[in-house]
file model-v8.csv (CSV, C-alpha atoms)
chain,number,residue,atom,x,y,z
E,1,MET,CA,-11.2,71.6,91.0
E,2,SER,CA,-10.5,68.2,92.3
E,3,VAL,CA,-13.6,66.3,93.4
E,4,VAL,CA,-14.1,62.8,94.5
E,5,SER,CA,-17.1,60.8,95.6
E,6,GLY,CA,-17.7,61.4,99.3
E,7,ASP,CA,-16.6,65.0,99.2
E,8,ARG,CA,-18.8,67.4,101.1
E,9,ILE,CA,-19.9,70.5,99.3
E,10,PRO,CA,-19.1,73.6,101.4
E,11,VAL,CA,-22.2,74.5,103.4
E,12,TRP,CA,-24.1,77.6,102.4
E,13,SER,CA,-25.8,79.4,105.2
E,14,HIS,CA,-28.2,82.3,105.4
E,15,GLY,CA,-30.2,84.0,108.0
E,16,PRO,CA,-32.4,85.3,109.3
E,17,VAL,CA,-34.9,84.9,106.4
E,18,THR,CA,-36.5,88.3,106.2
E,19,PRO,CA,-40.0,89.5,105.1
E,20,GLU,CA,-38.3,92.0,102.9
E,21,ARG,CA,-36.6,89.4,100.8
E,22,MET,CA,-39.9,87.4,100.6
E,23,ALA,CA,-41.7,90.6,99.5
E,24,LEU,CA,-39.1,91.2,96.8
E,25,MET,CA,-39.5,87.7,95.5
E,26,ALA,CA,-43.2,88.0,95.5
E,27,ALA,CA,-43.0,91.1,93.4
E,28,ILE,CA,-40.6,89.5,91.0
E,29,LEU,CA,-42.7,86.4,90.6
E,30,ARG,CA,-46.0,88.4,90.7
E,31,ASP,CA,-47.1,86.0,93.3
E,32,PRO,CA,-50.2,87.3,95.0
E,33,ASN,CA,-50.3,84.7,97.8
E,34,PRO,CA,-50.4,86.8,101.0
E,35,ILE,CA,-48.7,84.1,103.1
E,36,HIS,CA,-45.4,85.4,101.7
E,37,PHE,CA,-45.8,89.1,102.6
E,38,GLU,CA,-48.6,89.5,105.1
E,39,PRO,CA,-48.6,88.2,108.6
E,40,ALA,CA,-51.5,85.9,109.1
E,41,THR,CA,-54.2,87.3,111.4
E,42,THR,CA,-55.8,84.0,112.3
E,43,GLY,CA,-54.5,80.4,112.8
E,44,GLY,CA,-51.9,79.0,110.6
E,45,ASP,CA,-48.5,77.5,111.3
E,46,GLU,CA,-45.8,79.0,113.4
E,47,LYS,CA,-48.0,81.8,114.9
E,48,GLY,CA,-48.8,83.3,111.6
E,49,LEU,CA,-45.3,84.0,110.5
E,50,ARG,CA,-44.7,84.7,106.8
E,51,ILE,CA,-43.7,81.6,104.8
E,52,ASN,CA,-40.7,81.7,102.4
E,53,GLN,CA,-41.3,80.9,98.8
E,54,GLY,CA,-40.4,77.4,97.5
E,55,PRO,CA,-38.2,79.0,94.7
E,56,LEU,CA,-36.2,80.8,97.4
E,57,ASN,CA,-35.6,77.6,99.3
E,58,VAL,CA,-34.4,75.9,96.1
E,59,GLY,CA,-32.4,79.0,95.4
E,60,TYR,CA,-30.4,78.5,98.6
E,61,VAL,CA,-29.4,75.1,97.4
E,62,ALA,CA,-28.6,76.5,94.0
E,63,ASN,CA,-26.5,79.2,95.7
E,64,MET,CA,-24.5,76.5,97.5
E,65,LEU,CA,-23.9,74.7,94.2
E,66,THR,CA,-22.9,77.8,92.1
E,67,SER,CA,-20.7,79.1,94.9
E,68,TRP,CA,-18.9,75.8,94.8
E,69,ALA,CA,-18.7,75.0,91.1
E,70,GLY,CA,-19.6,78.2,89.2
E,71,PRO,CA,-22.7,80.1,87.9
E,72,ASP,CA,-23.1,77.8,84.9
E,73,SER,CA,-22.4,74.5,86.7
E,74,ILE,CA,-25.8,73.1,87.4
E,75,LYS,CA,-27.0,70.6,84.9
E,76,ARG,CA,-29.9,69.1,86.9
E,77,LEU,CA,-31.6,69.9,90.2
E,78,ARG,CA,-34.3,67.7,91.6
E,79,VAL,CA,-35.9,68.5,94.9
E,80,ARG,CA,-38.8,67.4,97.0
E,81,PHE,CA,-40.3,69.8,99.6
E,82,VAL,CA,-41.1,68.4,103.0
E,83,ALA,CA,-41.5,71.5,105.2
E,84,ASN,CA,-41.7,75.3,105.2
E,85,VAL,CA,-39.1,78.0,106.0
E,86,PHE,CA,-40.5,80.9,108.1
E,87,GLU,CA,-39.4,84.5,108.6
E,88,GLY,CA,-36.7,84.6,111.2
E,89,ASP,CA,-35.3,81.2,110.4
E,90,ASP,CA,-31.7,80.6,109.6
E,91,VAL,CA,-31.2,78.0,106.8
E,92,GLU,CA,-28.3,75.8,105.9
E,93,ALA,CA,-27.9,74.1,102.5
E,94,SER,CA,-25.5,71.2,102.4
E,95,GLY,CA,-24.6,68.4,100.0
E,96,VAL,CA,-22.3,65.5,99.4
E,97,VAL,CA,-20.8,64.1,96.2
E,98,THR,CA,-22.1,60.6,95.6
E,99,ALA,CA,-20.4,59.9,92.2
E,100,ILE,CA,-18.3,61.3,89.5
E,101,ALA,CA,-19.4,60.6,85.9
E,102,ASP,CA,-18.4,61.5,82.4
E,103,ASP,CA,-20.6,63.7,80.4
E,104,PRO,CA,-20.3,65.1,76.8
E,105,ASP,CA,-19.4,68.5,78.4
E,106,GLY,CA,-16.8,66.9,80.7
E,107,ALA,CA,-16.8,65.5,84.3
E,108,VAL,CA,-19.9,65.9,86.4
E,109,ALA,CA,-20.5,65.3,90.1
E,110,GLU,CA,-23.7,63.6,91.2
E,111,CYS,CA,-24.7,65.0,94.5
E,112,ASP,CA,-27.3,64.6,97.3
E,113,VAL,CA,-28.5,68.0,98.6
E,114,GLN,CA,-30.7,69.2,101.4
E,115,LEU,CA,-31.9,72.3,103.1
E,116,VAL,CA,-32.5,72.5,106.9
E,117,ARG,CA,-33.9,75.3,109.0
E,118,SER,CA,-32.6,76.5,112.3
E,119,ASN,CA,-34.5,74.0,114.4
E,120,GLY,CA,-32.9,71.2,112.5
E,121,GLU,CA,-36.1,70.4,110.5
E,122,LEU,CA,-35.5,69.1,107.0
E,123,VAL,CA,-37.0,71.5,104.5
E,124,LEU,CA,-36.2,69.9,101.2
E,125,THR,CA,-34.1,67.1,99.9
E,126,GLY,CA,-32.9,66.2,96.5
E,127,THR,CA,-30.2,65.4,94.0
E,128,ALA,CA,-28.1,67.5,91.7
E,129,ILE,CA,-25.8,67.0,88.7
E,130,VAL,CA,-23.0,69.6,88.6
E,131,ARG,CA,-20.4,70.2,86.0
E,132,ILE,CA,-16.9,70.2,87.5
E,133,SER,CA,-14.5,71.8,85.2
E,134,GLY,CA,-10.9,70.6,85.2
E,135,ASN,CA,-11.6,67.7,87.5
E,136,ASN,CA,-8.6,65.4,88.0
E,137,ALA,CA,-10.1,63.3,90.6
E,138,ASN,CA,-9.9,59.6,91.0
E,139,ARG,CA,-13.1,58.2,89.7
S,1,MET,CA,-64.4,68.5,96.5
S,2,ILE,CA,-63.7,68.6,92.8
S,3,PRO,CA,-64.3,65.1,91.2
S,4,ILE,CA,-61.1,63.3,90.3
S,5,GLU,CA,-62.5,62.7,86.8
S,6,GLN,CA,-62.8,66.4,86.2
S,7,ILE,CA,-59.3,67.2,87.4
S,8,GLN,CA,-57.9,64.3,85.3
S,9,GLU,CA,-59.2,65.9,82.2
S,10,LEU,CA,-56.3,68.4,82.6
S,11,VAL,CA,-53.8,65.7,81.5
S,12,GLY,CA,-52.5,66.8,78.1
S,13,TYR,CA,-53.6,70.3,78.5
S,14,ARG,CA,-51.2,72.4,76.6
S,15,PHE,CA,-50.2,75.8,77.9
S,16,PRO,CA,-50.2,78.7,75.5
S,17,SER,CA,-46.8,79.1,73.8
S,18,GLY,CA,-44.9,82.2,74.5
S,19,THR,CA,-41.6,83.9,75.0
S,20,TYR,CA,-39.6,85.3,77.9
S,21,LYS,CA,-36.4,87.3,78.2
S,22,ILE,CA,-34.6,87.7,81.5
S,23,GLU,CA,-33.6,91.3,82.1
S,24,HIS,CA,-30.5,92.2,84.0
S,25,TRP,CA,-32.5,94.1,86.7
S,26,GLU,CA,-34.7,91.2,87.5
S,27,ASN,CA,-31.8,88.8,87.6
S,28,TYR,CA,-30.0,91.1,90.0
S,29,LEU,CA,-33.1,91.5,92.2
S,30,LEU,CA,-34.0,87.8,92.2
S,31,THR,CA,-30.4,86.9,93.1
S,32,GLU,CA,-30.6,89.5,95.9
S,33,ALA,CA,-33.8,87.9,97.1
S,34,THR,CA,-32.0,84.6,97.4
S,35,ALA,CA,-29.1,86.3,99.2
S,36,GLY,CA,-27.0,84.8,96.4
S,37,GLN,CA,-23.7,85.8,94.9
S,38,HIS,CA,-23.8,88.4,92.1
S,39,PHE,CA,-21.6,86.9,89.4
S,40,SER,CA,-20.1,89.1,86.8
S,41,SER,CA,-21.4,86.9,84.0
S,42,ALA,CA,-24.8,87.2,82.3
S,43,TYR,CA,-25.9,83.8,83.6
S,44,ALA,CA,-29.4,83.9,85.2
S,45,HIS,CA,-29.9,82.7,88.8
S,46,PRO,CA,-31.1,79.1,88.7
S,47,SER,CA,-34.3,80.0,90.5
S,48,PHE,CA,-35.4,81.6,87.2
S,49,LEU,CA,-36.2,78.0,86.2
S,50,PHE,CA,-39.3,78.4,88.4
S,51,HIS,CA,-40.3,81.9,87.2
S,52,ALA,CA,-39.3,82.1,83.5
S,53,PRO,CA,-41.3,79.1,82.2
S,54,LEU,CA,-44.5,80.2,83.8
S,55,ALA,CA,-44.0,83.8,82.8
S,56,ALA,CA,-43.2,82.7,79.3
S,57,VAL,CA,-46.5,80.8,78.8
S,58,GLY,CA,-48.2,83.8,80.2
S,59,LEU,CA,-50.1,82.2,83.0
S,60,THR,CA,-50.5,83.9,86.3
S,61,TYR,CA,-50.5,81.8,89.5
S,62,GLN,CA,-54.2,82.6,89.9
S,63,GLU,CA,-54.9,81.2,86.5
S,64,ILE,CA,-53.1,78.0,87.3
S,65,PHE,CA,-54.9,77.8,90.6
S,66,ASP,CA,-58.2,78.3,88.8
S,67,LEU,CA,-57.3,75.7,86.1
S,68,CYS,CA,-56.5,73.1,88.8
S,69,GLY,CA,-59.5,74.0,91.0
S,70,ALA,CA,-57.5,75.3,93.9
S,71,GLU,CA,-59.8,75.9,96.9
S,72,SER,CA,-57.7,78.8,97.9
S,73,ALA,CA,-54.1,80.1,97.4
S,74,ASP,CA,-53.4,78.7,100.9
S,75,ALA,CA,-54.4,75.2,99.6
S,76,VAL,CA,-51.5,75.0,97.2
S,77,ARG,CA,-48.2,73.4,98.1
S,78,ALA,CA,-44.9,72.8,96.4
S,79,GLY,CA,-44.4,69.1,95.7
S,80,GLU,CA,-41.3,68.5,93.6
S,81,TYR,CA,-39.2,70.4,91.1
S,82,ASP,CA,-37.1,68.7,88.5
S,83,TRP,CA,-35.0,71.2,86.5
S,84,GLU,CA,-32.9,69.9,83.6
S,85,ILE,CA,-30.4,72.5,82.3
S,86,PHE,CA,-28.8,71.9,78.9
S,87,ARG,CA,-27.6,75.5,78.6
S,88,THR,CA,-27.6,77.8,81.5
S,89,LEU,CA,-30.2,80.5,81.1
S,90,GLN,CA,-28.8,84.0,80.4
S,91,GLU,CA,-29.9,87.5,80.5
S,92,GLY,CA,-31.1,89.1,77.3
S,93,ILE,CA,-32.0,85.9,75.4
S,94,GLN,CA,-35.5,85.4,74.1
S,95,TYR,CA,-36.6,82.0,75.2
S,96,GLN,CA,-39.5,80.2,73.5
S,97,ALA,CA,-41.7,78.2,75.8
S,98,GLN,CA,-44.1,75.3,75.4
S,99,GLY,CA,-45.5,72.9,77.9
S,100,GLN,CA,-48.3,70.8,79.1
S,101,ILE,CA,-49.8,69.1,82.1
S,102,LEU,CA,-48.3,65.7,82.4
S,103,SER,CA,-50.2,63.9,85.1
S,104,VAL,CA,-52.8,64.3,87.9
S,105,GLU,CA,-52.8,61.9,90.8
S,106,ARG,CA,-55.1,62.0,93.8
S,107,LYS,CA,-53.5,60.9,97.0
S,108,THR,CA,-54.1,61.0,100.7
S,109,GLY,CA,-51.4,62.1,103.2
S,110,LYS,CA,-51.3,61.8,106.9
S,111,ARG,CA,-50.8,65.6,107.3
S,112,ALA,CA,-52.2,67.0,104.1
S,113,GLY,CA,-55.3,64.9,103.8
S,114,VAL,CA,-56.7,64.4,100.3
S,115,PHE,CA,-54.7,66.3,97.6
S,116,ASP,CA,-54.2,66.2,93.9
S,117,ALA,CA,-50.5,66.1,92.7
S,118,VAL,CA,-50.5,68.0,89.3
S,119,ALA,CA,-47.3,67.7,87.3
S,120,PHE,CA,-46.5,69.9,84.4
S,121,ALA,CA,-43.5,70.3,82.1
S,122,ILE,CA,-42.3,73.4,80.3
S,123,GLU,CA,-39.4,73.6,77.9
S,124,LEU,CA,-37.5,76.8,77.2
S,125,SER,CA,-35.7,76.9,73.9
S,126,ASP,CA,-33.2,79.3,72.4
S,127,THR,CA,-31.9,79.4,68.8
S,128,LYS,CA,-29.9,76.1,69.4
S,129,GLY,CA,-32.8,74.1,70.7
S,130,VAL,CA,-34.1,73.2,74.1
S,131,ALA,CA,-32.1,75.0,76.8
S,132,ALA,CA,-33.9,73.8,79.8
S,133,ARG,CA,-36.8,71.6,80.8
S,134,VAL,CA,-38.7,72.0,84.1
S,135,THR,CA,-41.1,69.4,85.5
S,136,ASN,CA,-42.8,70.8,88.6
S,137,THR,CA,-45.4,69.1,90.7
S,138,TRP,CA,-47.8,71.2,92.7
S,139,LEU,CA,-50.1,69.8,95.3
S,140,PHE,CA,-53.7,71.0,95.6
S,141,LEU,CA,-55.3,70.3,98.9
S,142,ARG,CA,-58.8,69.1,98.7
S,143,THR,CA,-59.8,69.2,102.3
S,144,GLU,CA,-61.0,72.5,103.8
S,145,SER,CA,-59.6,71.5,107.2
S,146,GLY,CA,-56.0,71.3,105.9
S,147,PRO,CA,-52.9,71.7,108.0
S,148,GLY,CA,-52.5,75.4,107.5
S,149,ARG,CA,-50.5,77.6,105.2
S,150,ARG,CA,-47.8,76.3,102.8
S,151,SER,CA,-45.7,77.8,100.1
S,152,LYS,CA,-45.6,76.7,96.5
call {"tool": "encode", "arguments": {"input": "model-v8.csv", "output": "structure tokens"}}
result
Amino acid sequence: MSVVSGDRIPVWSHGPVTPERMALMAAILRDPNPIHFEPATTGGDEKGLRINQGPLNVGYVANMLTSWAGPDSIKRLRVRFVANVFEGDDVEASGVVTAIADDPDGAVAECDVQLVRSNGELVLTGTAIVRISGNNANR
Amino acid sequence: MIPIEQIQELVGYRFPSGTYKIEHWENYLLTEATAGQHFSSAYAHPSFLFHAPLAAVGLTYQEIFDLCGAESADAVRAGEYDWEIFRTLQEGIQYQAQGQILSVERKTGKRAGVFDAVAFAIELSDTKGVAARVTNTWLFLRTESGPGRRSK
């Protein structure tokens, strides 16, 4: 894989986000918070729609990275949450390589990453360090 | 509202040590939940870095909520996750976990109002040493008239 600073990571898209996947995640995590599997009966954001779990939102960004560089490629992932994803949303994970660096395991790509929902709202933003095997890029 | 002095006493609190092994079925299902690709390898989906450390130290979400004085499950938000991976987690490996609460900071946000940012770190180790370290920050809203529901 040839990677240089400024490369855009192939976008990873998913949607719509479904209550069934949220319920599955809640069961795996043993997360009892009903906001993930019960429609709210009163108040709340977005007309009481179920809210996607944070680990799922991060998971979409991870899916983008592992689809690009392999299932064992992520060395570090740092994210900050700024908004929610709701049932029915489409989401899009994207990223850009900001630097190539040497690491004891070989070359790594430093990346800016983000997740946005269908209305364009930023959901999370962060950085990643990804192992890029066989990189012969110009540093 | 819980006094800041009381919540700051949590700094240094050490979670119970414990172990966790990722089974193939839960890796498959968690990957499915993320709509991710099923790789043929035994590597665990990266989102296990949220689940496995907490499961390993044996704390339920409710116990963490209680520990940090959450006013309700609705009053807990995700703040930041920092996942350092030295060896990709794999199915079938018994990971040892140890961790502690690193910091507590009371802040006021335009939308969130008063909240406490609680950061904790948990390391997962295999037979070679530390395989991964997670440092997660959860936000505990301290105002009853918060902005509504939010996920962790």
call {"tool": "residues_around", "arguments": {"input": "model-v8.csv", "residues": "E:Leu49", "least_positions_apart": "4", "cutoff": "7 Å", "atoms": "all atoms listed in the file", "output": "PyMOL selection string"}}
result
chain E and resi 39-40+86-87
call {"tool": "atom_distance", "arguments": {"input": "model-v8.csv", "atom1": "atom CA of S:Met1", "atom2": "atom CA of S:Leu102"}}
result
21.6 Å
call {"tool": "closest_residue", "arguments": {"input": "model-v8.csv", "among": "E:Pro16, E:Gly54, E:Gly6, E:Gly48", "to": "chain S", "atoms": "only C-alpha atoms"}}
result
E:Gly54
call {"tool": "closest_residue", "arguments": {"input": "model-v8.csv", "among": "E:Ala69, E:Met1, E:Cys111, E:Val82", "to": "chain S", "atoms": "all atoms listed in the file"}}
result
E:Val82
call {"tool": "residues_near_point", "arguments": {"input": "model-v8.csv", "point": "(-50.7, 83.0, 80.5)", "cutoff": "12 Å", "atoms": "all atoms listed in the file", "output": "PyMOL selection string"}}
result
chain S and resi 14-20+52-64+67+97-99
call {"tool": "write_last_selection", "arguments": {"input": "model-v8.csv", "atoms": "C-alpha atoms", "output": "mmCIF file, keeping the file's coordinate frame"}}
result
data_model
loop_
_atom_site.group_PDB
_atom_site.id
_atom_site.type_symbol
_atom_site.label_atom_id
_atom_site.label_comp_id
_atom_site.auth_asym_id
_atom_site.auth_seq_id
_atom_site.Cartn_x
_atom_site.Cartn_y
_atom_site.Cartn_z
ATOM 1 C CA ARG S 14 -51.200 72.400 76.600
ATOM 2 C CA PHE S 15 -50.200 75.800 77.900
ATOM 3 C CA PRO S 16 -50.200 78.700 75.500
ATOM 4 C CA SER S 17 -46.800 79.100 73.800
ATOM 5 C CA GLY S 18 -44.900 82.200 74.500
ATOM 6 C CA THR S 19 -41.600 83.900 75.000
ATOM 7 C CA TYR S 20 -39.600 85.300 77.900
ATOM 8 C CA ALA S 52 -39.300 82.100 83.500
ATOM 9 C CA PRO S 53 -41.300 79.100 82.200
ATOM 10 C CA LEU S 54 -44.500 80.200 83.800
ATOM 11 C CA ALA S 55 -44.000 83.800 82.800
ATOM 12 C CA ALA S 56 -43.200 82.700 79.300
ATOM 13 C CA VAL S 57 -46.500 80.800 78.800
ATOM 14 C CA GLY S 58 -48.200 83.800 80.200
ATOM 15 C CA LEU S 59 -50.100 82.200 83.000
ATOM 16 C CA THR S 60 -50.500 83.900 86.300
ATOM 17 C CA TYR S 61 -50.500 81.800 89.500
ATOM 18 C CA GLN S 62 -54.200 82.600 89.900
ATOM 19 C CA GLU S 63 -54.900 81.200 86.500
ATOM 20 C CA ILE S 64 -53.100 78.000 87.300
ATOM 21 C CA LEU S 67 -57.300 75.700 86.100
ATOM 22 C CA ALA S 97 -41.700 78.200 75.800
ATOM 23 C CA GLN S 98 -44.100 75.300 75.400
ATOM 24 C CA GLY S 99 -45.500 72.900 77.900
#
call {"tool": "closest_atom_pairs", "arguments": {"input": "model-v8.csv", "of": "chain S", "to": "chain E", "cutoff": "9 Å", "atoms": "only C-alpha atoms", "output": "tab-separated table"}}
result
residue	atom	partner	partner_atom	distance
S:Glu26	CA	E:Ile28	CA	7.1
S:Leu29	CA	E:Leu24	CA	7.6
S:Leu30	CA	E:Met25	CA	6.4
S:Thr31	CA	E:Gly59	CA	8.5
S:Glu32	CA	E:Arg21	CA	7.7
S:Ala33	CA	E:Arg21	CA	4.9
S:Thr34	CA	E:Leu56	CA	5.7
S:Ala35	CA	E:His14	CA	7.4
S:Gly36	CA	E:Asn63	CA	5.7
S:Gln37	CA	E:Asn63	CA	7.2
S:Phe39	CA	E:Pro71	CA	7.0
S:Ser41	CA	E:Pro71	CA	7.9
S:Tyr43	CA	E:Pro71	CA	6.5
S:Ala44	CA	E:Pro71	CA	8.2
S:His45	CA	E:Pro71	CA	7.7
S:Pro46	CA	E:Ala62	CA	6.4
S:Ser47	CA	E:Gly59	CA	5.3
S:Phe48	CA	E:Pro55	CA	8.4
S:Leu49	CA	E:Pro55	CA	8.8
S:Phe50	CA	E:Pro55	CA	6.4
S:His51	CA	E:Leu29	CA	6.1
S:Ala52	CA	E:Leu29	CA	9.0
S:Ala55	CA	E:Leu29	CA	8.3
S:Thr60	CA	E:Arg30	CA	7.7
S:Tyr61	CA	E:Asp31	CA	6.6
S:Gln62	CA	E:Pro32	CA	8.0
S:Ala73	CA	E:Asn33	CA	6.0
S:Asp74	CA	E:Asn33	CA	7.4
S:Arg77	CA	E:Gly54	CA	8.8
S:Ala78	CA	E:Phe81	CA	6.4
S:Gly79	CA	E:Phe81	CA	5.7
S:Glu80	CA	E:Arg80	CA	4.4
S:Tyr81	CA	E:Val79	CA	5.4
S:Asp82	CA	E:Arg78	CA	4.3
S:Trp83	CA	E:Leu77	CA	5.2
S:Glu84	CA	E:Arg76	CA	4.5
S:Ile85	CA	E:Lys75	CA	4.7
S:Phe86	CA	E:Lys75	CA	6.4
S:Arg87	CA	E:Lys75	CA	8.0
S:Thr88	CA	E:Asp72	CA	5.6
S:Leu89	CA	E:Asp72	CA	8.5
S:Pro147	CA	E:Gly44	CA	7.8
S:Gly148	CA	E:Gly44	CA	4.8
S:Arg149	CA	E:Gly44	CA	5.8
S:Arg150	CA	E:Asn84	CA	6.6
S:Ser151	CA	E:Gln53	CA	5.5
S:Lys152	CA	E:Gly54	CA	5.3
call {"tool": "write_last_selection", "arguments": {"input": "model-v8.csv", "atoms": "C-alpha atoms", "output": "PDB file, in the frame of the given file"}}
result
ATOM      1  CA  GLU S  26     -34.700  91.200  87.500  1.00  0.00           C
ATOM      2  CA  LEU S  29     -33.100  91.500  92.200  1.00  0.00           C
ATOM      3  CA  LEU S  30     -34.000  87.800  92.200  1.00  0.00           C
ATOM      4  CA  THR S  31     -30.400  86.900  93.100  1.00  0.00           C
ATOM      5  CA  GLU S  32     -30.600  89.500  95.900  1.00  0.00           C
ATOM      6  CA  ALA S  33     -33.800  87.900  97.100  1.00  0.00           C
ATOM      7  CA  THR S  34     -32.000  84.600  97.400  1.00  0.00           C
ATOM      8  CA  ALA S  35     -29.100  86.300  99.200  1.00  0.00           C
ATOM      9  CA  GLY S  36     -27.000  84.800  96.400  1.00  0.00           C
ATOM     10  CA  GLN S  37     -23.700  85.800  94.900  1.00  0.00           C
ATOM     11  CA  PHE S  39     -21.600  86.900  89.400  1.00  0.00           C
ATOM     12  CA  SER S  41     -21.400  86.900  84.000  1.00  0.00           C
ATOM     13  CA  TYR S  43     -25.900  83.800  83.600  1.00  0.00           C
ATOM     14  CA  ALA S  44     -29.400  83.900  85.200  1.00  0.00           C
ATOM     15  CA  HIS S  45     -29.900  82.700  88.800  1.00  0.00           C
ATOM     16  CA  PRO S  46     -31.100  79.100  88.700  1.00  0.00           C
ATOM     17  CA  SER S  47     -34.300  80.000  90.500  1.00  0.00           C
ATOM     18  CA  PHE S  48     -35.400  81.600  87.200  1.00  0.00           C
ATOM     19  CA  LEU S  49     -36.200  78.000  86.200  1.00  0.00           C
ATOM     20  CA  PHE S  50     -39.300  78.400  88.400  1.00  0.00           C
ATOM     21  CA  HIS S  51     -40.300  81.900  87.200  1.00  0.00           C
ATOM     22  CA  ALA S  52     -39.300  82.100  83.500  1.00  0.00           C
ATOM     23  CA  ALA S  55     -44.000  83.800  82.800  1.00  0.00           C
ATOM     24  CA  THR S  60     -50.500  83.900  86.300  1.00  0.00           C
ATOM     25  CA  TYR S  61     -50.500  81.800  89.500  1.00  0.00           C
ATOM     26  CA  GLN S  62     -54.200  82.600  89.900  1.00  0.00           C
ATOM     27  CA  ALA S  73     -54.100  80.100  97.400  1.00  0.00           C
ATOM     28  CA  ASP S  74     -53.400  78.700 100.900  1.00  0.00           C
ATOM     29  CA  ARG S  77     -48.200  73.400  98.100  1.00  0.00           C
ATOM     30  CA  ALA S  78     -44.900  72.800  96.400  1.00  0.00           C
ATOM     31  CA  GLY S  79     -44.400  69.100  95.700  1.00  0.00           C
ATOM     32  CA  GLU S  80     -41.300  68.500  93.600  1.00  0.00           C
ATOM     33  CA  TYR S  81     -39.200  70.400  91.100  1.00  0.00           C
ATOM     34  CA  ASP S  82     -37.100  68.700  88.500  1.00  0.00           C
ATOM     35  CA  TRP S  83     -35.000  71.200  86.500  1.00  0.00           C
ATOM     36  CA  GLU S  84     -32.900  69.900  83.600  1.00  0.00           C
ATOM     37  CA  ILE S  85     -30.400  72.500  82.300  1.00  0.00           C
ATOM     38  CA  PHE S  86     -28.800  71.900  78.900  1.00  0.00           C
ATOM     39  CA  ARG S  87     -27.600  75.500  78.600  1.00  0.00           C
ATOM     40  CA  THR S  88     -27.600  77.800  81.500  1.00  0.00           C
ATOM     41  CA  LEU S  89     -30.200  80.500  81.100  1.00  0.00           C
ATOM     42  CA  PRO S 147     -52.900  71.700 108.000  1.00  0.00           C
ATOM     43  CA  GLY S 148     -52.500  75.400 107.500  1.00  0.00           C
ATOM     44  CA  ARG S 149     -50.500  77.600 105.200  1.00  0.00           C
ATOM     45  CA  ARG S 150     -47.800  76.300 102.800  1.00  0.00           C
ATOM     46  CA  SER S 151     -45.700  77.800 100.100  1.00  0.00           C
ATOM     47  CA  LYS S 152     -45.600  76.700  96.500  1.00  0.00           C
TER      48      LYS S 152
END
call {"tool": "atom_distance", "arguments": {"input": "model-v8.csv", "atom1": "atom CA of S:Glu105", "atom2": "atom CA of S:Ala70"}}
result
14.5 Å
call {"tool": "closest_residue", "arguments": {"input": "model-v8.csv", "among": "S:Leu139, S:Ile101, S:Ile93, S:Ile22", "to": "S:Glu9", "atoms": "only C-alpha atoms"}}
result
S:Ile101
call {"tool": "residues_around", "arguments": {"input": "model-v8.csv", "residues": "S:Leu141", "least_positions_apart": "2", "cutoff": "6 Å", "atoms": "all atoms listed in the file", "output": "list in words"}}
result
Ala75, Phe115 and Thr143 of chain S
call {"tool": "atom_distance", "arguments": {"input": "model-v8.csv", "atom1": "atom CA of S:Trp138", "atom2": "atom CA of S:Arg111"}}
result
15.9 Å
call {"tool": "closest_residue", "arguments": {"input": "model-v8.csv", "among": "S:Gln90, S:Thr137, S:Gln100, S:Tyr95", "to": "S:Ser125", "atoms": "only C-alpha atoms"}}
result
S:Tyr95
call {"tool": "closest_residue", "arguments": {"input": "model-v8.csv", "among": "E:Leu122, E:Val108, E:Val130, E:Gln114", "to": "E:Gly95", "atoms": "only C-alpha atoms"}}
result
E:Gln114
call {"tool": "closest_residue", "arguments": {"input": "model-v8.csv", "among": "E:Asp112, E:Glu121, E:Glu38, E:Asp7", "to": "E:Asp90", "atoms": "only C-alpha atoms"}}
result
E:Glu121
